[in-house]
Amino acid sequence: MAETATSSSSSKLQHFPIAFFAMIMGTSGLSLAWQKAAVVLELPALVGQVLIILVACLFLAVSLGYVLKILRFPETSLKEFHHPIKISFFPAFSISLLLLSIATLHISADLSLYLWAIGCIMHLGFTLHVITQWIHHPKFQIQHSTPAWFIPVVGNILVPISGVEHGFYELSWFFFSIGLVYWIVLKTLIFNRVLFHDPLPEKLLPTLFILIAPPAVGFLSYTKLNGGEIDGFSRILFYSAMFLVLLLFTQIERFRRIPFFLSWWAYSFPLAAASIAIQTMYQASGSPFFGILSWISLVLVTLVISLLLFKTVKATLSGGVFKPD
């Protein structure tokens, strides 16, 4: 029986998915949404603080799990790193560092700076590697292009949110420019794929929500770079994100029928980013309409991520997420 248990644990570790880091992105986004709500909606700051602790614990647990996988099953990890779709989830690690940097900005400036610096260096490396793979490797087919390809790009757009606070203004513009330009390029490729080729498989349909993240995060970063002012370009980014939220919510019945996969976590970070963007617009405009939307979006993203955590814990305990594709 002990051998069976050991074999089961070994199998779970071998199939420990890199996509688990999407959970860190989602819970970090929820923490930031509640931090913003403490200022804009005057909700208790304690909620955001507790969530930061939860995110830090999850980040350490997932990181430890994947490091053990690399040590025990290097071939499996390397195969995942060269997978045409899974490779896009590796930058979720550096994005998690950047999000933790934002979350700890007003707790410890030094810790935030260290996390930001490490996150920037790692994410730039991931971005260069992934784009190099796209350019030079013949293994990529049109069916491999999914909204998950945005993940290496979204991280670059995140950099200015804490980068400006740490005084790295030009470097923040550098990363923002990478994220913005390649977001537009990739968005064109993804729309070509979904419009003129086979539809996304059911397992990957939730990744369509990733489309929301670049304009929503772009709005937050550009506003930070712009000294907090909401100008015409800010509004273009904001309303582009809101249109995508509306578009995807008109298709909620399609998403409701999808059984649970880790790809469900694609709902989380984009919705959290949209909630923070709405609260930022409310803070700047004072419009009661955006005030109502701020409450609705915060409640929605809290419920969605609570459900995702419940489903993930259940699937983890049953071993449902530790299966080969």
# chains A, B, ... in the order shown; residues from 1 in each chain; ligands from 1
>>> residues_around(residues="Thr280 of chain A", least_positions_apart="2", cutoff="9 Å", atoms="only C-alpha atoms", output="NGL selection string")
:A and (36 or 40 or 220 or 275-278 or 282-285 or 294)
>>> residues_around(residues="Lys139 of chain A", least_positions_apart="3", cutoff="10 Å", atoms="only C-alpha atoms", output="VMD selection string")
chain A and resid 82 to 84 133 to 134 136 144
>>> residues_around(residues="Pro324 of chain A", least_positions_apart="3", cutoff="12 Å", atoms="only C-alpha atoms", output="JSON, numbers by chain")
{"A": [11, 12, 13, 14, 15, 16, 17, 76, 80, 319, 320, 321]}
>>> write_last_selection(atoms="N, CA, C and O atoms", output="mmCIF file, in the first residue's frame")
data_model
loop_
_atom_site.group_PDB
_atom_site.id
_atom_site.type_symbol
_atom_site.label_atom_id
_atom_site.label_comp_id
_atom_site.auth_asym_id
_atom_site.auth_seq_id
_atom_site.Cartn_x
_atom_site.Cartn_y
_atom_site.Cartn_z
ATOM 1 N N SER A 11 3.399 10.172 -9.618
ATOM 2 C CA SER A 11 2.648 10.440 -10.834
ATOM 3 C C SER A 11 2.076 11.859 -10.820
ATOM 4 O O SER A 11 2.102 12.562 -11.831
ATOM 5 N N LYS A 12 1.579 12.272 -9.644
ATOM 6 C CA LYS A 12 1.035 13.626 -9.526
ATOM 7 C C LYS A 12 2.120 14.667 -9.759
ATOM 8 O O LYS A 12 1.896 15.671 -10.429
ATOM 9 N N LEU A 13 3.291 14.425 -9.200
ATOM 10 C CA LEU A 13 4.387 15.370 -9.368
ATOM 11 C C LEU A 13 4.833 15.437 -10.824
ATOM 12 O O LEU A 13 5.106 16.519 -11.351
ATOM 13 N N GLN A 14 4.877 14.296 -11.484
ATOM 14 C CA GLN A 14 5.295 14.255 -12.883
ATOM 15 C C GLN A 14 4.359 15.063 -13.772
ATOM 16 O O GLN A 14 4.791 15.687 -14.748
ATOM 17 N N HIS A 15 3.085 15.061 -13.421
ATOM 18 C CA HIS A 15 2.086 15.768 -14.233
ATOM 19 C C HIS A 15 1.614 17.059 -13.563
ATOM 20 O O HIS A 15 0.521 17.542 -13.835
ATOM 21 N N PHE A 16 2.450 17.614 -12.690
ATOM 22 C CA PHE A 16 2.157 18.893 -12.044
ATOM 23 C C PHE A 16 2.174 19.968 -13.125
ATOM 24 O O PHE A 16 3.208 20.261 -13.717
ATOM 25 N N PRO A 17 1.030 20.605 -13.419
ATOM 26 C CA PRO A 17 0.948 21.488 -14.593
ATOM 27 C C PRO A 17 1.503 22.886 -14.343
ATOM 28 O O PRO A 17 1.289 23.473 -13.288
ATOM 29 N N THR A 76 10.257 15.616 -18.481
ATOM 30 C CA THR A 76 8.859 16.034 -18.590
ATOM 31 C C THR A 76 8.749 17.551 -18.553
ATOM 32 O O THR A 76 7.988 18.154 -19.333
ATOM 33 N N GLU A 80 7.477 20.110 -21.539
ATOM 34 C CA GLU A 80 6.444 21.119 -21.320
ATOM 35 C C GLU A 80 6.941 22.495 -21.755
ATOM 36 O O GLU A 80 6.185 23.287 -22.330
ATOM 37 N N GLY A 319 -7.094 14.311 -7.651
ATOM 38 C CA GLY A 319 -6.061 13.982 -8.652
ATOM 39 C C GLY A 319 -6.460 14.325 -10.063
ATOM 40 O O GLY A 319 -5.750 13.994 -11.013
ATOM 41 N N GLY A 320 -7.593 15.006 -10.220
ATOM 42 C CA GLY A 320 -8.087 15.308 -11.558
ATOM 43 C C GLY A 320 -7.231 16.241 -12.373
ATOM 44 O O GLY A 320 -7.299 16.222 -13.612
ATOM 45 N N VAL A 321 -6.413 17.066 -11.708
ATOM 46 C CA VAL A 321 -5.570 18.008 -12.472
ATOM 47 C C VAL A 321 -4.189 17.428 -12.766
ATOM 48 O O VAL A 321 -3.396 18.056 -13.457
#
>>> closest_residue(among="A:Val153, A:Ile161, A:Leu195, A:Leu46", to="Ser177 of chain A", atoms="only C-alpha atoms")
A:Val153
>>> residues_around(residues="segment 199-202 of chain A", least_positions_apart="2", cutoff="8 Å", atoms="only C-alpha atoms", output="list in words")
Gln143, Thr146, Arg193, Val194, Leu195, His197, Leu204, Leu205 and Ile258 of chain A
